[in-house]
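Student: So here's model_33.cif, just mmCIF, C-alpha atoms:
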data_entry
loop_
_atom_site.label_atom_id
_atom_site.label_comp_id
_atom_site.auth_asym_id
_atom_site.auth_seq_id
_atom_site.Cartn_x
_atom_site.Cartn_y
_atom_site.Cartn_z
CA MET A 1 163.81 15.59 189.19
CA ILE A 2 162.30 15.78 185.72
CA ASP A 3 159.05 17.77 185.49
CA GLU A 4 157.05 18.95 182.46
CA GLY A 5 159.37 21.90 181.92
CA ALA A 6 162.49 19.74 181.96
CA LEU A 7 160.79 17.23 179.66
CA LEU A 8 160.09 19.99 177.12
CA GLU A 9 163.66 21.26 177.45
CA ALA A 10 164.91 17.78 176.61
CA LEU A 11 162.52 17.23 173.71
CA ASN A 12 163.28 20.71 172.34
CA SER A 13 167.07 20.30 172.49
CA THR A 14 167.29 19.70 168.72
CA PRO A 15 165.89 22.91 167.18
CA VAL A 16 166.24 24.18 163.63
CA VAL A 17 168.19 27.46 163.63
CA ASP A 18 168.45 29.47 160.41
CA GLY A 19 167.24 26.44 158.49
CA ARG A 20 169.87 24.09 159.95
CA PRO A 21 169.15 21.35 162.50
CA GLN A 22 171.06 21.81 165.76
CA ASP A 23 171.68 19.51 168.71
CA LEU A 24 172.06 21.53 171.89
CA TRP A 25 173.05 18.35 173.71
CA ALA A 26 175.87 17.45 171.29
CA ASP A 27 178.33 19.20 173.60
CA ASP A 28 179.00 16.99 176.62
CA ALA A 29 179.66 20.00 178.85
CA VAL A 30 176.25 21.52 178.05
CA LEU A 31 174.43 18.26 178.71
CA ARG A 32 176.48 17.66 181.87
CA ARG A 33 175.35 21.06 183.24
CA TRP A 34 171.74 20.26 182.32
CA ALA A 35 171.94 16.87 184.04
CA GLU A 36 173.54 18.26 187.18
CA GLY A 37 171.01 21.11 187.22
CA HIS A 38 168.24 18.53 187.36
CA GLY A 39 169.77 16.48 190.17
CA GLY A 40 171.52 13.87 188.07
CA LEU A 41 175.05 12.79 187.35
CA GLY A 42 177.11 14.37 184.63
CA ASP A 43 179.36 11.42 183.89
CA THR A 44 179.72 9.97 180.40
CA ALA A 45 177.39 7.01 181.00
CA ALA A 46 174.63 9.27 182.39
CA ILE A 47 174.75 11.79 179.57
CA ASP A 48 174.87 9.07 176.90
CA ARG A 49 171.73 7.54 178.42
CA LEU A 50 170.03 10.95 178.49
CA ARG A 51 170.72 11.50 174.79
CA THR A 52 169.34 8.06 174.00
CA ALA A 53 166.20 8.66 176.09
CA ARG A 54 165.67 12.06 174.46
CA ASN A 55 165.97 10.59 170.95
CA VAL A 56 163.55 7.75 171.74
CA LEU A 57 161.01 10.16 173.27
CA GLN A 58 161.22 12.51 170.29
CA THR A 59 160.43 9.57 168.01
CA ALA A 60 157.60 8.45 170.28
CA THR A 61 156.07 11.94 170.43
CA ARG A 62 156.16 12.30 166.65
CA GLY A 63 154.36 9.03 165.99
CA THR A 64 155.02 5.38 166.65
CA VAL A 65 156.13 4.58 170.18
CA PRO A 66 159.34 2.49 170.05
CA GLU A 67 158.29 0.14 172.84
CA ALA A 68 161.41 -2.03 172.78
CA GLU A 69 163.69 0.98 173.25
CA LEU A 70 161.53 2.37 176.06
CA GLN A 71 161.47 -1.01 177.77
CA GLY A 72 165.26 -1.10 177.47
CA ILE A 73 165.58 2.25 179.24
CA LEU A 74 163.21 1.12 182.00
CA ALA A 75 164.59 -2.43 182.39
CA GLY A 76 165.26 -3.38 185.99
CA VAL A 77 163.74 -0.19 187.43
CA HIS A 78 161.61 -0.51 190.55
CA ARG A 79 159.45 1.91 192.52
CA VAL A 80 159.55 1.29 196.24
CA PRO A 81 156.97 2.77 198.60
CA GLU A 82 158.25 4.69 201.61
CA VAL A 83 155.99 5.85 204.42
CA GLY A 84 157.00 8.88 206.43
CA GLU A 85 155.55 11.82 208.33
CA SER A 86 154.52 13.48 205.05
CA GLY A 87 152.74 10.36 203.81
CA LEU A 88 153.48 7.84 201.10
CA ARG A 89 156.30 8.53 198.68
CA TRP A 90 157.62 6.38 195.84
CA ARG A 91 161.39 6.03 195.53
CA LEU A 92 163.01 4.85 192.32
CA GLU A 93 165.50 2.03 192.57
CA VAL A 94 167.81 2.55 189.64
CA PRO A 95 171.59 2.91 189.22
CA PRO A 96 172.54 6.60 189.56
CA GLU A 97 173.87 6.86 185.99
CA ARG A 98 170.44 5.81 184.67
CA LEU A 99 168.31 7.94 186.99
CA LEU A 100 167.68 11.02 184.82
CA ALA A 101 167.06 8.99 181.66
CA VAL A 102 164.49 6.90 183.56
CA GLU A 103 162.90 10.00 185.10
CA LEU A 104 162.69 11.55 181.62
CA VAL A 105 160.79 8.53 180.29
CA LEU A 106 158.53 8.43 183.36
CA ALA A 107 157.78 12.17 183.00
CA TRP A 108 156.85 11.58 179.34
CA TYR A 109 154.46 8.77 180.29
CA ASP A 110 153.03 10.90 183.10
CA VAL A 111 152.27 13.77 180.70
CA ARG A 112 150.67 11.37 178.21
CA GLU A 113 148.47 9.95 180.97
CA ARG A 114 147.51 13.22 182.69
CA ARG A 115 147.25 15.32 179.51
CA PRO A 116 146.36 12.93 176.70
CA GLY A 117 146.98 14.31 173.24
CA ARG A 118 148.51 17.56 174.51
CA LEU A 119 152.20 16.77 174.03
CA ARG A 120 152.85 16.93 170.31
CA PRO A 121 155.21 18.18 167.61
CA CYS A 122 154.89 21.71 166.29
CA GLY A 123 152.46 22.00 163.37
CA ASN A 124 155.22 23.56 161.24
CA ASP A 125 156.78 20.69 159.27
CA GLU A 126 160.07 22.60 159.10
CA CYS A 127 160.27 22.88 162.89
CA ARG A 128 161.60 20.12 165.13
CA LEU A 129 160.22 21.47 168.41
CA PHE A 130 157.40 20.15 170.58
CA LEU A 131 154.66 21.80 172.56
CA LEU A 132 152.56 20.94 175.57
CA ASP A 133 149.13 22.40 174.88
CA ARG A 134 147.78 23.84 178.11
CA SER A 135 144.85 25.63 176.47
CA ARG A 136 141.34 24.74 177.53
CA ALA A 137 140.28 23.90 173.97
CA ASN A 138 143.43 21.87 173.17
CA THR A 139 143.85 23.72 169.88
CA ALA A 140 147.46 24.94 170.03
CA ARG A 141 149.29 24.04 166.82
CA TRP A 142 152.70 25.68 167.04
CA CYS A 143 155.61 25.70 169.43
CA SER A 144 155.50 29.49 169.25
CA MET A 145 152.94 31.78 167.69
CA ARG A 146 155.66 34.44 167.18
CA THR A 147 157.86 32.16 165.10
CA CYS A 148 156.11 29.17 163.56
CA GLY A 149 152.53 30.38 163.84
CA ASN A 150 153.06 33.78 162.25
CA ARG A 151 155.43 32.36 159.65
CA LEU A 152 152.92 29.74 158.50
CA LYS A 153 149.99 32.15 158.56
CA ALA A 154 151.98 34.65 156.47
CA ARG A 155 152.99 31.92 154.02
CA ARG A 156 149.37 30.77 153.61
CA HIS A 157 148.23 34.37 153.11
CA GLN A 158 150.85 34.89 150.40
CA GLU A 159 149.81 31.66 148.66
CA ARG A 160 146.15 32.74 148.70
CA ALA A 161 147.08 36.20 147.39
CA ARG A 162 149.00 34.64 144.46
CA GLN A 163 145.99 32.50 143.55
CA VAL A 164 143.61 35.45 143.21
CA PRO A 165 143.05 36.06 139.48
CA THR A 166 143.90 39.51 138.22
CA PRO A 167 141.18 41.39 136.30
#
Kindly present the structure from the file in structure tokens form.

Tutor:
Amino acid sequence: MIDEGALLEALNSTPVVDGRPQDLWADDAVLRRWAEGHGGLGDTAAIDRLRTARNVLQTATRGTVPEAELQGILAGVHRVPEVGESGLRWRLEVPPERLLAVELVLAWYDVRERRPGRLRPCGNDECRLFLLDRSRANTARWCSMRTCGNRLKARRHQERARQVPTP
């Protein structure tokens, strides 16, 4: 099952390391382990769909939501109610190789609905990570204060210091 943590893992699977963009999901074995660790299949079709869903959701989180691509991922998916001793539960009807990609998209929509405006890209333009702002004031700007936050604050301080005229 894809929860907020797994959604962030997926979105943040293309970091910049030492100034170079990386794709942690480029290696099929790594993505297969991730998929299997989240209850999905690790076959080629499943991991290809996961990569596609991740890429579409990264684009959507950065700005314009690519509705056609999202509709393509969700095409033919149905939620079926099941009543049991523990109450009402919704079961997804989707081919197994599409399950995690669909769950990823549904988790993204769920976060957008329950926490509007809180899932966003890092405020550092050189960073490709995302954050889910859980602060009360909804003012978080960086994926990490230790890395991006301190780096940007130090850069701004240095720029201000250079602009101070010397006597």

Student: Neighbours of Gly19 in chain A within 9 Å (all atoms listed in the file; same-chain residues fewer than 2 positions away dropped), as a VMD selection string?

Tutor: chain A and resid 16 to 17 21 126 to 127

Student: Between CA of Asp23 in chain A and CA of Ala53 in chain A, what is the distance in Å, rounded to a tenth?

Tutor: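 Taking CA of Asp23 in chain A and CA of Ala53 in chain A, their separation equals 14.2 Å.
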
Student: Would you mind reading off the distance between CA of Asn138 in chain A and CA of Pro121 in chain A, one decimal, in Å?

Tutor: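 For CA of Asn138 in chain A relative to CA of Pro121 in chain A, the distance reads 13.5 Å.
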
Student: Each residue of range 104-139 of chain A with at least one atom at most 12 Å from range 64-81 of chain A should appear once, together with its nearest atom pair and the corresponding distance in Å (one decimal); atoms considered: all atoms listed in the file; ordering: chain, then increasing residue number; output as CSV.

Tutor:
residue,atom,partner,partner_atom,distance
A:Leu104,CA,A:Ile73,CA,10.0
A:Val105,CA,A:Leu70,CA,7.5
A:Leu106,CA,A:Leu74,CA,8.8
A:Trp108,CA,A:Leu70,CA,10.8
A:Tyr109,CA,A:Leu70,CA,10.4
A:Arg112,CA,A:Val65,CA,11.8

Student: Please indicate the distance in Å from CA of Arg114 in chain A to CA of Arg33 in chain A, rounded to one decimal place.

Tutor: 28.9 Å

Student: Need to verify the contact set: range 36-49 of chain A, 6 Å, all atoms listed in the file, exclusion of same-chain residues closer than 2 positions in sequence. Can you return it as number ranges by chain?

Tutor: A: 1, 32-34, 51-52, 97-98, 100-101

Student: When distances are computed from all atoms listed in the file, which of A:Leu24, A:Ala137, A:Ala107, A:Cys148 shows the smallest separation from Asp125 in chain A?

Tutor: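 Of the candidates, the smallest distance to Asp125 in chain A is held by A:Cys148.
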
Student: Report as a list of chain:residue names the residues that result from applying the PyMOL selection byres ((chain A and resi 142) around 8) to the structure here.

Tutor: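 This file, filtered by the PyMOL selection byres ((chain A and resi 142) around 8), leaves A:Pro121, A:Cys122, A:Gly123, A:Asn124, A:Leu131, A:Ala140, A:Arg141, A:Cys143, A:Ser144, A:Met145, A:Cys148, A:Gly149.
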
Student: Print the selection's residues with C-alpha atoms to a file, as a tab-separated table (two decimals), in the frame of the given file.

Tutor:
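Result went into again-v1.tsv, see below:
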chain	number	residue	atom	x	y	z
A	121	PRO	CA	155.21	18.18	167.61
A	122	CYS	CA	154.89	21.71	166.29
A	123	GLY	CA	152.46	22.00	163.37
A	124	ASN	CA	155.22	23.56	161.24
A	131	LEU	CA	154.66	21.80	172.56
A	140	ALA	CA	147.46	24.94	170.03
A	141	ARG	CA	149.29	24.04	166.82
A	143	CYS	CA	155.61	25.70	169.43
A	144	SER	CA	155.50	29.49	169.25
A	145	MET	CA	152.94	31.78	167.69
A	148	CYS	CA	156.11	29.17	163.56
A	149	GLY	CA	152.53	30.38	163.84

Student: Take the PyMOL selection byres ((chain A and resi 4) around 10), apply it to the structure above, and return the hits as a ChimeraX atom specification.

Tutor: /A:2-3,5-10,104,107-108,110-111,119,132

Student: If you count all atoms listed in the file, which residues fall within 6 Å of Arg118 in chain A, apart from same-chain ones fewer than 2 positions away, as a PyMOL selection string?

Tutor: chain A and resi 115-116+132-133

Student: Which is closer to Thr147 in chain A than all the others in A:Leu129, A:Gly63, A:Val30, A:Asn55, using all atoms listed in the file?

Tutor: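 Closest to Thr147 in chain A, using all atoms listed in the file: A:Leu129.
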
Student: To test the calculation: enclose all listed atoms of range 2-8 of chain A in a box whose edges run along x, y and z, add 6 Å on each side, then state centre and edge lengths in Å to one decimal, as lines of an AutoDock Vina configuration file.

Tutor:
center_x = 159.8
center_y = 18.8
center_z = 181.4
size_x = 17.4
size_y = 18.1
size_z = 20.6

Student: Of the candidates A:Ala26, A:Leu92, A:Leu11, A:Leu31, which one gets nearest to Thr59 in chain A if we count all atoms listed in the file?

Tutor: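 Counting all atoms listed in the file, the residue closest to Thr59 in chain A is A:Leu11.
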